[in-house]
Structures are given as C-alpha cells and as structure tokens.
$ cat structure_5.tsv   # TSV, C-alpha atoms and all ligand atoms
chain	number	residue	atom	x	y	z
A	1	MET	CA	1.12	-12.52	27.09
A	2	THR	CA	2.45	-9.17	25.83
A	3	ARG	CA	3.50	-9.05	22.21
A	4	GLU	CA	6.41	-6.96	21.08
A	5	ILE	CA	5.63	-3.98	18.90
A	6	CYS	CA	7.63	-3.34	15.74
A	7	ASN	CA	7.89	0.26	14.58
A	8	ASP	CA	10.53	-0.14	11.90
A	9	HIS	CA	8.63	-1.71	9.04
A	10	ILE	CA	9.05	-0.37	5.52
A	11	LEU	CA	5.61	0.42	4.09
A	12	PHE	CA	4.66	1.11	0.49
A	13	VAL	CA	1.75	3.37	-0.38
A	14	GLY	CA	0.58	4.82	-3.69
A	15	PHE	CA	-2.27	4.68	-6.14
A	16	MET	CA	-3.48	1.44	-7.75
A	17	GLY	CA	-0.99	0.56	-10.47
A	18	SER	CA	1.88	2.49	-8.89
A	19	GLY	CA	3.87	-0.75	-8.56
A	20	LYS	CA	3.66	-1.31	-4.78
A	21	THR	CA	3.22	-5.08	-5.02
A	22	SER	CA	5.98	-5.71	-7.57
A	23	VAL	CA	8.43	-3.22	-6.06
A	24	SER	CA	7.95	-4.51	-2.52
A	25	ARG	CA	8.45	-8.11	-3.75
A	26	LYS	CA	11.64	-7.11	-5.50
A	27	LEU	CA	12.91	-5.11	-2.50
A	28	SER	CA	12.16	-8.08	-0.25
A	29	ALA	CA	14.23	-10.30	-2.58
A	30	ILE	CA	17.09	-7.76	-2.63
A	31	THR	CA	17.18	-7.20	1.15
A	32	GLY	CA	15.96	-10.54	2.54
A	33	ILE	CA	13.39	-8.65	4.67
A	34	SER	CA	10.09	-10.54	4.84
A	35	LEU	CA	7.06	-9.30	2.93
A	36	ILE	CA	3.48	-8.60	3.95
A	37	ASP	CA	0.86	-7.70	1.36
A	38	VAL	CA	-2.08	-6.14	3.20
A	39	ASP	CA	-4.63	-7.03	0.47
A	40	TYR	CA	-3.52	-10.70	0.37
A	41	ARG	CA	-3.63	-10.83	4.14
A	42	ILE	CA	-7.18	-9.44	4.15
A	43	GLU	CA	-8.24	-12.06	1.58
A	44	ALA	CA	-6.59	-14.85	3.57
A	45	ILE	CA	-8.19	-13.82	6.88
A	46	GLN	CA	-11.58	-13.18	5.30
A	47	HIS	CA	-11.56	-16.21	2.98
A	48	ARG	CA	-13.01	-13.83	0.37
A	49	LYS	CA	-11.55	-11.92	-2.55
A	50	ILE	CA	-11.56	-8.12	-2.33
A	51	PRO	CA	-14.33	-7.58	-4.94
A	52	LYS	CA	-16.52	-9.98	-2.92
A	53	ILE	CA	-15.86	-8.01	0.30
A	54	PHE	CA	-16.82	-4.77	-1.51
A	55	GLU	CA	-19.94	-6.45	-2.89
A	56	GLU	CA	-21.06	-7.81	0.48
A	57	GLU	CA	-19.98	-5.03	2.86
A	58	GLY	CA	-19.41	-2.01	0.67
A	59	GLU	CA	-16.30	0.14	0.69
A	60	ALA	CA	-16.89	1.16	4.34
A	61	GLY	CA	-16.87	-2.50	5.42
A	62	PHE	CA	-13.69	-3.15	3.47
A	63	ARG	CA	-12.03	-0.08	5.05
A	64	ARG	CA	-12.85	-1.34	8.58
A	65	ILE	CA	-11.21	-4.68	7.83
A	66	GLU	CA	-8.26	-2.87	6.25
A	67	THR	CA	-7.75	-0.75	9.40
A	68	GLU	CA	-7.82	-3.81	11.69
A	69	THR	CA	-5.38	-5.65	9.44
A	70	LEU	CA	-3.02	-2.67	9.27
A	71	ALA	CA	-3.04	-2.19	13.05
A	72	GLY	CA	-2.19	-5.89	13.53
A	73	ILE	CA	1.05	-5.44	11.58
A	74	ALA	CA	2.55	-3.69	14.62
A	75	PHE	CA	2.93	-7.14	16.17
A	76	GLU	CA	4.78	-8.69	13.24
A	77	ARG	CA	8.51	-8.99	12.85
A	78	ARG	CA	10.13	-6.29	10.76
A	79	SER	CA	8.71	-6.49	7.24
A	80	ILE	CA	8.25	-4.75	3.93
A	81	VAL	CA	4.53	-3.99	3.80
A	82	SER	CA	2.67	-3.43	0.55
A	83	CYS	CA	-0.57	-1.53	1.28
A	84	GLY	CA	-3.73	-1.19	-0.82
A	85	GLY	CA	-3.98	2.12	-2.68
A	86	GLY	CA	-6.85	3.36	-0.53
A	87	ILE	CA	-5.21	2.73	2.83
A	88	VAL	CA	-4.69	6.47	3.28
A	89	CYS	CA	-8.43	7.26	2.93
A	90	ASN	CA	-9.43	6.43	6.48
A	91	PRO	CA	-7.97	9.27	8.60
A	92	GLU	CA	-7.41	6.76	11.41
A	93	ASN	CA	-4.97	4.84	9.20
A	94	ARG	CA	-2.61	7.72	8.52
A	95	PRO	CA	-1.14	7.95	12.05
A	96	ILE	CA	-1.10	4.14	12.20
A	97	LEU	CA	0.97	4.01	9.00
A	98	LYS	CA	3.42	6.54	10.42
A	99	SER	CA	3.70	4.65	13.71
A	100	LEU	CA	4.57	1.42	11.92
A	101	GLY	CA	7.82	2.64	10.37
A	102	THR	CA	9.13	4.28	7.22
A	103	VAL	CA	6.53	5.02	4.57
A	104	VAL	CA	7.59	5.01	0.92
A	105	TYR	CA	5.18	6.70	-1.49
A	106	LEU	CA	5.35	5.48	-5.07
A	107	ASP	CA	4.19	8.52	-6.97
A	108	VAL	CA	3.03	7.76	-10.48
A	109	ALA	CA	1.06	9.73	-13.08
A	110	LEU	CA	-2.56	8.61	-13.31
A	111	ASP	CA	-2.45	7.57	-16.99
A	112	GLU	CA	0.60	5.41	-16.36
A	113	ALA	CA	-0.99	3.85	-13.27
A	114	ILE	CA	-4.16	2.99	-15.20
A	115	GLY	CA	-2.12	1.54	-18.06
A	116	ARG	CA	-0.28	-0.76	-15.66
A	117	ILE	CA	-3.35	-2.32	-14.07
A	118	SER	CA	-3.59	-5.73	-15.69
A	119	HIS	CA	-6.75	-6.96	-13.90
A	120	PRO	CA	-9.09	-3.97	-13.48
A	121	GLU	CA	-11.92	-6.35	-12.48
A	122	THR	CA	-10.07	-7.00	-9.20
A	123	ARG	CA	-10.27	-3.26	-8.29
A	124	PRO	CA	-13.91	-2.47	-7.50
A	125	LEU	CA	-13.29	1.28	-7.33
A	126	LEU	CA	-12.31	1.38	-11.01
A	127	SER	CA	-15.85	0.44	-11.95
A	128	GLY	CA	-17.54	2.50	-9.24
A	129	VAL	CA	-19.53	5.69	-9.54
A	130	ARG	CA	-16.71	8.14	-8.81
A	131	PRO	CA	-14.39	9.13	-11.65
A	132	VAL	CA	-10.92	7.74	-11.11
A	133	GLU	CA	-9.38	11.21	-11.66
A	134	GLU	CA	-11.33	12.49	-8.68
A	135	ILE	CA	-10.23	9.59	-6.45
A	136	TYR	CA	-6.60	10.08	-7.54
A	137	SER	CA	-6.58	13.85	-6.86
A	138	GLU	CA	-8.28	13.45	-3.51
A	139	ARG	CA	-5.63	11.00	-2.31
A	140	ILE	CA	-2.47	12.86	-3.31
A	141	PRO	CA	-2.37	15.07	-0.15
A	142	TRP	CA	-2.91	11.99	2.01
A	143	TYR	CA	-0.05	10.08	0.38
A	144	ARG	CA	2.14	13.15	0.87
A	145	GLU	CA	1.06	13.47	4.49
A	146	VAL	CA	2.24	9.95	5.39
A	147	ALA	CA	5.33	9.74	3.16
A	148	ASP	CA	8.84	9.70	4.59
A	149	ILE	CA	10.31	8.95	1.17
A	150	THR	CA	8.71	9.75	-2.20
A	151	ILE	CA	9.80	7.92	-5.33
A	152	ARG	CA	8.54	9.20	-8.65
A	153	SER	CA	8.22	5.86	-10.38
A	154	SER	CA	7.00	6.97	-13.82
A	155	ASN	CA	8.90	5.51	-16.78
A	156	MET	CA	11.03	3.25	-14.58
A	157	SER	CA	11.15	-0.54	-14.43
A	158	VAL	CA	10.22	-2.38	-11.26
A	159	TYR	CA	13.88	-3.28	-10.78
A	160	GLN	CA	14.99	0.35	-11.14
A	161	VAL	CA	12.39	1.55	-8.63
A	162	ALA	CA	13.36	-1.19	-6.16
A	163	GLN	CA	17.05	-0.24	-6.54
A	164	LEU	CA	16.22	3.40	-5.96
A	165	CYS	CA	14.19	2.52	-2.84
A	166	ALA	CA	17.07	0.37	-1.57
A	167	HIS	CA	19.45	3.30	-2.12
A	168	GLU	CA	17.19	5.79	-0.28
A	169	LEU	CA	16.73	3.38	2.62
A	170	GLN	CA	20.45	2.64	2.79
A	171	GLU	CA	21.26	6.36	2.91
A	172	ARG	CA	19.02	6.67	5.96
A	173	GLY	CA	20.63	3.64	7.60
A	174	LEU	CA	17.36	1.72	7.45
A	175	ILE	CA	18.63	-1.34	5.60
A	201	LIG	C1	-7.95	-0.02	-3.48
A	201	LIG	C2	-6.80	-0.57	-3.99
A	201	LIG	C3	-6.58	-2.02	-4.07
A	201	LIG	C4	-7.42	-2.75	-3.02
A	201	LIG	C5	-8.84	-2.34	-3.11
A	201	LIG	C6	-9.04	-0.84	-2.88
A	201	LIG	C7	-8.09	1.45	-3.48
A	201	LIG	O1	-5.19	-2.30	-3.88
A	201	LIG	O2	-6.94	-2.50	-1.72
A	201	LIG	O3	-9.34	-2.69	-4.38
A	201	LIG	O4	-8.99	1.96	-2.80
A	201	LIG	O5	-7.28	2.11	-4.16
A	201	LIG	P1	-4.04	-1.95	-4.98
A	201	LIG	O6	-3.61	-0.53	-4.75
A	201	LIG	O7	-2.95	-2.91	-4.66
A	201	LIG	O8	-4.64	-2.16	-6.31
$ encode --input "structure_5.tsv" --output "structure tokens" --more "lines below"
Ligand code: S3P
Amino acid sequence: MTREICNDHILFVGFMGSGKTSVSRKLSAITGISLIDVDYRIEAIQHRKIPKIFEEEGEAGFRRIETETLAGIAFERRSIVSCGGGIVCNPENRPILKSLGTVVYLDVALDEAIGRISHPETRPLLSGVRPVEEIYSERIPWYREVADITIRSSNMSVYQVAQLCAHELQERGLI
C-alpha cells in the first residue's frame, strides 16, 4: 500500500523555552489544524521519557529516534508540528524539515528562554557538560537555515505569538 505524502505541515522550531509547545497548541486551537508534538510522539513510541532515552542511549541515540520520528510525519495528515529544540542539530533533519512544509522559527533571547523553562529536569542538555550559551549560539544558524517565517517571540504572550503566526500564515495563504 502506498501512503500519501503531506508536504504542507506547519512546523515550529526554536530553542528550549521558546514557546513551541504552547504556541503550537494555541495555533491548533485557533485554526482547527491537528497537532503533533514530536517529543510526546517519541515518548509514546518508545514508552520512555526523554531523560531516560538520553540516559540509556545518549544524545546520539535520541537524535536517531528523533530523525525517524520526524521523517514519519510526512505520512500524516496536515498538522501543526512542534519539534524539540535540537531537531536542527542533525544535518539530515534540516532538509527533512524543509520538505515537510512551512517552518516557523520562534526566536527568543537565551535568558528569556531559560527563564521560561518550568521543568529543567526534563531537558537533559541543560544539565550536560556543554554550556547552554554555546549550544544556543551553535544552533542559531541552523534555525535560520530552515526557517520560512521567523517570529521574535521575546516579551510576548503565547496568545500574541500564536496570533502573529496565524497572521503570517494567512498572508501567505497557508491557513
Ligand atoms: C532538546 C529539546 C527538548 C527535547 C530534548 C532535547 C534540545 O525539547 O527534544 O530534551 O536538544 O534542545 P524542547 O525544545 O521542547 O524543550
């Protein structure tokens, strides 16, 4: 059986704490477009929480699972897709992201992102060996590379960011 490929998803990328999960939920509620959260999907398929996957398989193992999960989204009906902050790290993922649809980058200052993270224990990289500033700076060019739309979400509420996304998508005839 051949499965149909969907290339008009709306995908959210951005650093941990940039608001991807909350904004994509809100945008899904505003537009009625279904929602996929890549991290929740990974946890559901793996029957393990993300910190456990990092503990048992390391970051490289997690990234392999993340790539498989992302690629599988091509076969889903049109959705709003909230991606984990590190999805851009694997160079293989960047063309996959672009092939899946419109990528929205939620650009937020690092101090604001850190301040918004309510459960740091669920983000293994925040307690890893690399300084978070280094991880953040390394990723910025990758977020920019994949982004079709960039929203600077600093000092805005989730609702305001979702409204702004809806406006940008409407202007492009995408919703
Ligand atoms: C990660 C971000 C997390 C999660 C995992 C790795 C990262 O998602 O995928 O802990 O590398 O930035 P959020 O961006 O939703 O926190």
$ residues_near_ligand --input "structure_5.tsv" --ligand "ligand LIG 201 (chain A)" --cutoff "9 Å" --atoms "all atoms listed in the file" --output "PyMOL selection string"
chain A and resi 13-21+37-39+50-51+54+59+62-63+66+82-89+117+120+122-126+135-136
$ residues_around --input "structure_5.tsv" --residues "Arg3 in chain A" --least-positions-apart "2" --cutoff "12 Å" --atoms "all atoms listed in the file" --output "list in words"
Met1, Ile5, Cys6, Gly72, Ile73, Ala74, Phe75, Glu76 and Arg77 of chain A
$ closest_residue --input "structure_5.tsv" --among "A:Asp107, A:Leu174, A:Leu97, A:Gly115" --to "Ile151 in chain A" --atoms "only C-alpha atoms"
A:Asp107
$ residues_near_point --input "structure_5.tsv" --point "(15.7, 6.2, -4.6)" --cutoff "10 Å" --atoms "all atoms listed in the file" --output "ChimeraX atom specification"
/A:104,149-153,160-171
$ atom_distance --input "structure_5.tsv" --atom1 "CA of Glu134 in chain A" --atom2 "CA of Asn155 in chain A"
22.9 Å
$ closest_residue --input "structure_5.tsv" --among "A:Pro141, A:Ile175, A:Val81, A:Ala60" --to "Thr31 in chain A" --atoms "only C-alpha atoms"
A:Ile175
$ atom_distance --input "structure_5.tsv" --atom1 "CA of Leu27 in chain A" --atom2 "CA of Met156 in chain A"
14.8 Å
$ atom_distance --input "structure_5.tsv" --atom1 "CA of Val108 in chain A" --atom2 "CA of Ser154 in chain A"
5.2 Å
$ closest_residue --input "structure_5.tsv" --among "A:Arg144, A:Arg64, A:Arg78, A:Lys49" --to "Leu35 in chain A" --atoms "all atoms listed in the file"
A:Arg78
$ closest_residue --input "structure_5.tsv" --among "A:Thr69, A:Ser99, A:Ser28, A:Ser22" --to "Ile45 in chain A" --atoms "all atoms listed in the file"
A:Thr69
$ axis_aligned_box --input "structure_5.tsv" --around "range 77-83 of chain A" --padding-each-side "5 Å" --output "lines of an AutoDock Vina configuration file"
center_x = 4.8
center_y = -5.3
center_z = 6.7
size_x = 20.7
size_y = 17.5
size_z = 22.3
$ residues_near_point --input "structure_5.tsv" --point "(-6.0, 8.6, 10.5)" --cutoff "12 Å" --atoms "only C-alpha atoms" --output "list in words"
Arg63, Thr67, Leu70, Ala71, Ile87, Val88, Cys89, Asn90, Pro91, Glu92, Asn93, Arg94, Pro95, Ile96, Leu97, Lys98, Ser99, Trp142, Tyr143, Glu145 and Val146 of chain A
$ decode --input "structure_5.tsv" --residues "range 42-92 of chain A" --atoms "N, CA and C atoms" --output "PDB file, in the first residue's frame"
ATOM      1  N   ILE A  42       7.714  10.729  20.394  1.00  0.00           N
ATOM      2  CA  ILE A  42       8.877   9.874  20.693  1.00  0.00           C
ATOM      3  C   ILE A  42       8.625   9.111  22.006  1.00  0.00           C
ATOM      4  N   GLU A  43       8.151   9.830  23.023  1.00  0.00           N
ATOM      5  CA  GLU A  43       7.924   9.171  24.322  1.00  0.00           C
ATOM      6  C   GLU A  43       6.855   8.091  24.214  1.00  0.00           C
ATOM      7  N   ALA A  44       5.826   8.358  23.401  1.00  0.00           N
ATOM      8  CA  ALA A  44       4.742   7.373  23.259  1.00  0.00           C
ATOM      9  C   ALA A  44       5.241   6.131  22.525  1.00  0.00           C
ATOM     10  N   ILE A  45       6.017   6.332  21.453  1.00  0.00           N
ATOM     11  CA  ILE A  45       6.506   5.186  20.676  1.00  0.00           C
ATOM     12  C   ILE A  45       7.518   4.383  21.492  1.00  0.00           C
ATOM     13  N   GLN A  46       8.361   5.111  22.221  1.00  0.00           N
ATOM     14  CA  GLN A  46       9.454   4.473  22.957  1.00  0.00           C
ATOM     15  C   GLN A  46       9.034   3.942  24.337  1.00  0.00           C
ATOM     16  N   HIS A  47       7.868   4.343  24.795  1.00  0.00           N
ATOM     17  CA  HIS A  47       7.427   4.011  26.161  1.00  0.00           C
ATOM     18  C   HIS A  47       8.499   4.407  27.186  1.00  0.00           C
ATOM     19  N   ARG A  48       9.187   5.511  26.913  1.00  0.00           N
ATOM     20  CA  ARG A  48      10.202   6.030  27.838  1.00  0.00           C
ATOM     21  C   ARG A  48      10.168   7.547  27.766  1.00  0.00           C
ATOM     22  N   LYS A  49      10.449   8.182  28.883  1.00  0.00           N
ATOM     23  CA  LYS A  49      10.557   9.641  28.899  1.00  0.00           C
ATOM     24  C   LYS A  49      11.894  10.040  28.269  1.00  0.00           C
ATOM     25  N   ILE A  50      11.961  11.287  27.781  1.00  0.00           N
ATOM     26  CA  ILE A  50      13.173  11.742  27.093  1.00  0.00           C
ATOM     27  C   ILE A  50      14.439  11.636  27.969  1.00  0.00           C
ATOM     28  N   PRO A  51      14.410  12.062  29.245  1.00  0.00           N
ATOM     29  CA  PRO A  51      15.638  11.915  30.040  1.00  0.00           C
ATOM     30  C   PRO A  51      16.102  10.455  30.118  1.00  0.00           C
ATOM     31  N   LYS A  52      15.165   9.523  30.154  1.00  0.00           N
ATOM     32  CA  LYS A  52      15.505   8.092  30.205  1.00  0.00           C
ATOM     33  C   LYS A  52      16.186   7.668  28.891  1.00  0.00           C
ATOM     34  N   ILE A  53      15.673   8.166  27.762  1.00  0.00           N
ATOM     35  CA  ILE A  53      16.277   7.824  26.462  1.00  0.00           C
ATOM     36  C   ILE A  53      17.715   8.355  26.424  1.00  0.00           C
ATOM     37  N   PHE A  54      17.912   9.600  26.888  1.00  0.00           N
ATOM     38  CA  PHE A  54      19.267  10.179  26.928  1.00  0.00           C
ATOM     39  C   PHE A  54      20.170   9.327  27.830  1.00  0.00           C
ATOM     40  N   GLU A  55      19.620   8.920  28.964  1.00  0.00           N
ATOM     41  CA  GLU A  55      20.409   8.152  29.935  1.00  0.00           C
ATOM     42  C   GLU A  55      20.826   6.805  29.330  1.00  0.00           C
ATOM     43  N   GLU A  56      19.900   6.163  28.635  1.00  0.00           N
ATOM     44  CA  GLU A  56      20.168   4.802  28.147  1.00  0.00           C
ATOM     45  C   GLU A  56      20.890   4.778  26.804  1.00  0.00           C
ATOM     46  N   GLU A  57      20.666   5.781  25.968  1.00  0.00           N
ATOM     47  CA  GLU A  57      21.229   5.717  24.602  1.00  0.00           C
ATOM     48  C   GLU A  57      22.085   6.916  24.240  1.00  0.00           C
ATOM     49  N   GLY A  58      22.176   7.857  25.165  1.00  0.00           N
ATOM     50  CA  GLY A  58      22.967   9.055  24.900  1.00  0.00           C
ATOM     51  C   GLY A  58      22.242   9.979  23.928  1.00  0.00           C
ATOM     52  N   GLU A  59      22.837  11.153  23.730  1.00  0.00           N
ATOM     53  CA  GLU A  59      22.200  12.113  22.821  1.00  0.00           C
ATOM     54  C   GLU A  59      22.135  11.550  21.397  1.00  0.00           C
ATOM     55  N   ALA A  60      23.186  10.836  20.971  1.00  0.00           N
ATOM     56  CA  ALA A  60      23.206  10.310  19.592  1.00  0.00           C
ATOM     57  C   ALA A  60      22.033   9.350  19.359  1.00  0.00           C
ATOM     58  N   GLY A  61      21.756   8.510  20.373  1.00  0.00           N
ATOM     59  CA  GLY A  61      20.638   7.571  20.261  1.00  0.00           C
ATOM     60  C   GLY A  61      19.316   8.316  20.164  1.00  0.00           C
ATOM     61  N   PHE A  62      19.174   9.328  21.011  1.00  0.00           N
ATOM     62  CA  PHE A  62      17.952  10.143  20.967  1.00  0.00           C
ATOM     63  C   PHE A  62      17.791  10.795  19.595  1.00  0.00           C
ATOM     64  N   ARG A  63      18.882  11.323  19.049  1.00  0.00           N
ATOM     65  CA  ARG A  63      18.812  12.022  17.745  1.00  0.00           C
ATOM     66  C   ARG A  63      18.397  11.065  16.633  1.00  0.00           C
ATOM     67  N   ARG A  64      18.839   9.797  16.700  1.00  0.00           N
ATOM     68  CA  ARG A  64      18.428   8.823  15.668  1.00  0.00           C
ATOM     69  C   ARG A  64      16.918   8.605  15.729  1.00  0.00           C
ATOM     70  N   ILE A  65      16.402   8.463  16.938  1.00  0.00           N
ATOM     71  CA  ILE A  65      14.957   8.239  17.102  1.00  0.00           C
ATOM     72  C   ILE A  65      14.195   9.476  16.623  1.00  0.00           C
ATOM     73  N   GLU A  66      14.754  10.644  16.938  1.00  0.00           N
ATOM     74  CA  GLU A  66      14.126  11.907  16.553  1.00  0.00           C
ATOM     75  C   GLU A  66      14.030  12.007  15.020  1.00  0.00           C
ATOM     76  N   THR A  67      15.110  11.615  14.324  1.00  0.00           N
ATOM     77  CA  THR A  67      15.110  11.676  12.855  1.00  0.00           C
ATOM     78  C   THR A  67      14.058  10.734  12.267  1.00  0.00           C
ATOM     79  N   GLU A  68      13.986   9.513  12.799  1.00  0.00           N
ATOM     80  CA  GLU A  68      12.978   8.556  12.300  1.00  0.00           C
ATOM     81  C   GLU A  68      11.574   9.095  12.523  1.00  0.00           C
ATOM     82  N   THR A  69      11.353   9.665  13.698  1.00  0.00           N
ATOM     83  CA  THR A  69      10.018  10.163  14.041  1.00  0.00           C
ATOM     84  C   THR A  69       9.651  11.337  13.127  1.00  0.00           C
ATOM     85  N   LEU A  70      10.621  12.223  12.906  1.00  0.00           N
ATOM     86  CA  LEU A  70      10.373  13.382  12.042  1.00  0.00           C
ATOM     87  C   LEU A  70      10.027  12.917  10.620  1.00  0.00           C
ATOM     88  N   ALA A  71      10.814  11.990  10.097  1.00  0.00           N
ATOM     89  CA  ALA A  71      10.595  11.528   8.722  1.00  0.00           C
ATOM     90  C   ALA A  71       9.197  10.913   8.581  1.00  0.00           C
ATOM     91  N   GLY A  72       8.728  10.244   9.626  1.00  0.00           N
ATOM     92  CA  GLY A  72       7.409   9.588   9.590  1.00  0.00           C
ATOM     93  C   GLY A  72       6.258  10.579   9.480  1.00  0.00           C
ATOM     94  N   ILE A  73       6.510  11.827   9.834  1.00  0.00           N
ATOM     95  CA  ILE A  73       5.442  12.834   9.817  1.00  0.00           C
ATOM     96  C   ILE A  73       4.992  13.144   8.380  1.00  0.00           C
ATOM     97  N   ALA A  74       5.839  12.825   7.413  1.00  0.00           N
ATOM     98  CA  ALA A  74       5.458  13.017   6.003  1.00  0.00           C
ATOM     99  C   ALA A  74       4.180  12.253   5.656  1.00  0.00           C
ATOM    100  N   PHE A  75       3.910  11.182   6.397  1.00  0.00           N
ATOM    101  CA  PHE A  75       2.758  10.348   6.053  1.00  0.00           C
ATOM    102  C   PHE A  75       1.517  10.682   6.874  1.00  0.00           C
ATOM    103  N   GLU A  76       1.578  11.762   7.621  1.00  0.00           N
ATOM    104  CA  GLU A  76       0.445  12.169   8.453  1.00  0.00           C
ATOM    105  C   GLU A  76      -0.376  13.210   7.721  1.00  0.00           C
ATOM    106  N   ARG A  77      -1.652  13.316   8.120  1.00  0.00           N
ATOM    107  CA  ARG A  77      -2.448  14.386   7.531  1.00  0.00           C
ATOM    108  C   ARG A  77      -1.884  15.743   7.975  1.00  0.00           C
ATOM    109  N   ARG A  78      -2.240  16.768   7.239  1.00  0.00           N
ATOM    110  CA  ARG A  78      -1.696  18.094   7.507  1.00  0.00           C
ATOM    111  C   ARG A  78      -1.805  18.474   8.992  1.00  0.00           C
ATOM    112  N   SER A  79      -0.695  18.847   9.587  1.00  0.00           N
ATOM    113  CA  SER A  79      -0.684  19.130  11.024  1.00  0.00           C
ATOM    114  C   SER A  79       0.217  20.310  11.359  1.00  0.00           C
ATOM    115  N   ILE A  80       0.004  20.810  12.570  1.00  0.00           N
ATOM    116  CA  ILE A  80       0.948  21.741  13.184  1.00  0.00           C
ATOM    117  C   ILE A  80       1.895  20.848  13.988  1.00  0.00           C
ATOM    118  N   VAL A  81       3.206  21.023  13.760  1.00  0.00           N
ATOM    119  CA  VAL A  81       4.176  20.095  14.339  1.00  0.00           C
ATOM    120  C   VAL A  81       5.128  20.856  15.251  1.00  0.00           C
ATOM    121  N   SER A  82       5.095  20.529  16.535  1.00  0.00           N
ATOM    122  CA  SER A  82       6.014  21.160  17.467  1.00  0.00           C
ATOM    123  C   SER A  82       7.241  20.257  17.612  1.00  0.00           C
ATOM    124  N   CYS A  83       8.413  20.795  17.263  1.00  0.00           N
ATOM    125  CA  CYS A  83       9.644  19.981  17.251  1.00  0.00           C
ATOM    126  C   CYS A  83      10.476  20.253  18.496  1.00  0.00           C
ATOM    127  N   GLY A  84      11.282  19.299  18.905  1.00  0.00           N
ATOM    128  CA  GLY A  84      12.228  19.516  20.002  1.00  0.00           C
ATOM    129  C   GLY A  84      13.279  20.533  19.561  1.00  0.00           C
ATOM    130  N   GLY A  85      13.823  21.267  20.524  1.00  0.00           N
ATOM    131  CA  GLY A  85      14.754  22.353  20.218  1.00  0.00           C
ATOM    132  C   GLY A  85      15.998  21.931  19.456  1.00  0.00           C
ATOM    133  N   GLY A  86      16.381  20.648  19.609  1.00  0.00           N
ATOM    134  CA  GLY A  86      17.616  20.198  18.975  1.00  0.00           C
ATOM    135  C   GLY A  86      17.391  19.506  17.641  1.00  0.00           C
ATOM    136  N   ILE A  87      16.207  19.607  17.108  1.00  0.00           N
ATOM    137  CA  ILE A  87      15.888  18.890  15.861  1.00  0.00           C
ATOM    138  C   ILE A  87      16.764  19.356  14.699  1.00  0.00           C
ATOM    139  N   VAL A  88      17.256  20.587  14.794  1.00  0.00           N
ATOM    140  CA  VAL A  88      18.077  21.133  13.703  1.00  0.00           C
ATOM    141  C   VAL A  88      19.536  20.656  13.766  1.00  0.00           C
ATOM    142  N   CYS A  89      19.912  19.955  14.847  1.00  0.00           N
ATOM    143  CA  CYS A  89      21.332  19.614  15.033  1.00  0.00           C
ATOM    144  C   CYS A  89      21.817  18.565  14.045  1.00  0.00           C
ATOM    145  N   ASN A  90      20.980  17.568  13.783  1.00  0.00           N
ATOM    146  CA  ASN A  90      21.373  16.541  12.827  1.00  0.00           C
ATOM    147  C   ASN A  90      21.209  17.120  11.415  1.00  0.00           C
ATOM    148  N   PRO A  91      22.308  17.220  10.648  1.00  0.00           N
ATOM    149  CA  PRO A  91      22.205  17.863   9.327  1.00  0.00           C
ATOM    150  C   PRO A  91      21.198  17.174   8.411  1.00  0.00           C
ATOM    151  N   GLU A  92      20.961  15.885   8.666  1.00  0.00           N
ATOM    152  CA  GLU A  92      19.970  15.145   7.872  1.00  0.00           C
ATOM    153  C   GLU A  92      18.551  15.705   8.093  1.00  0.00           C
TER     154      GLU A  92
END
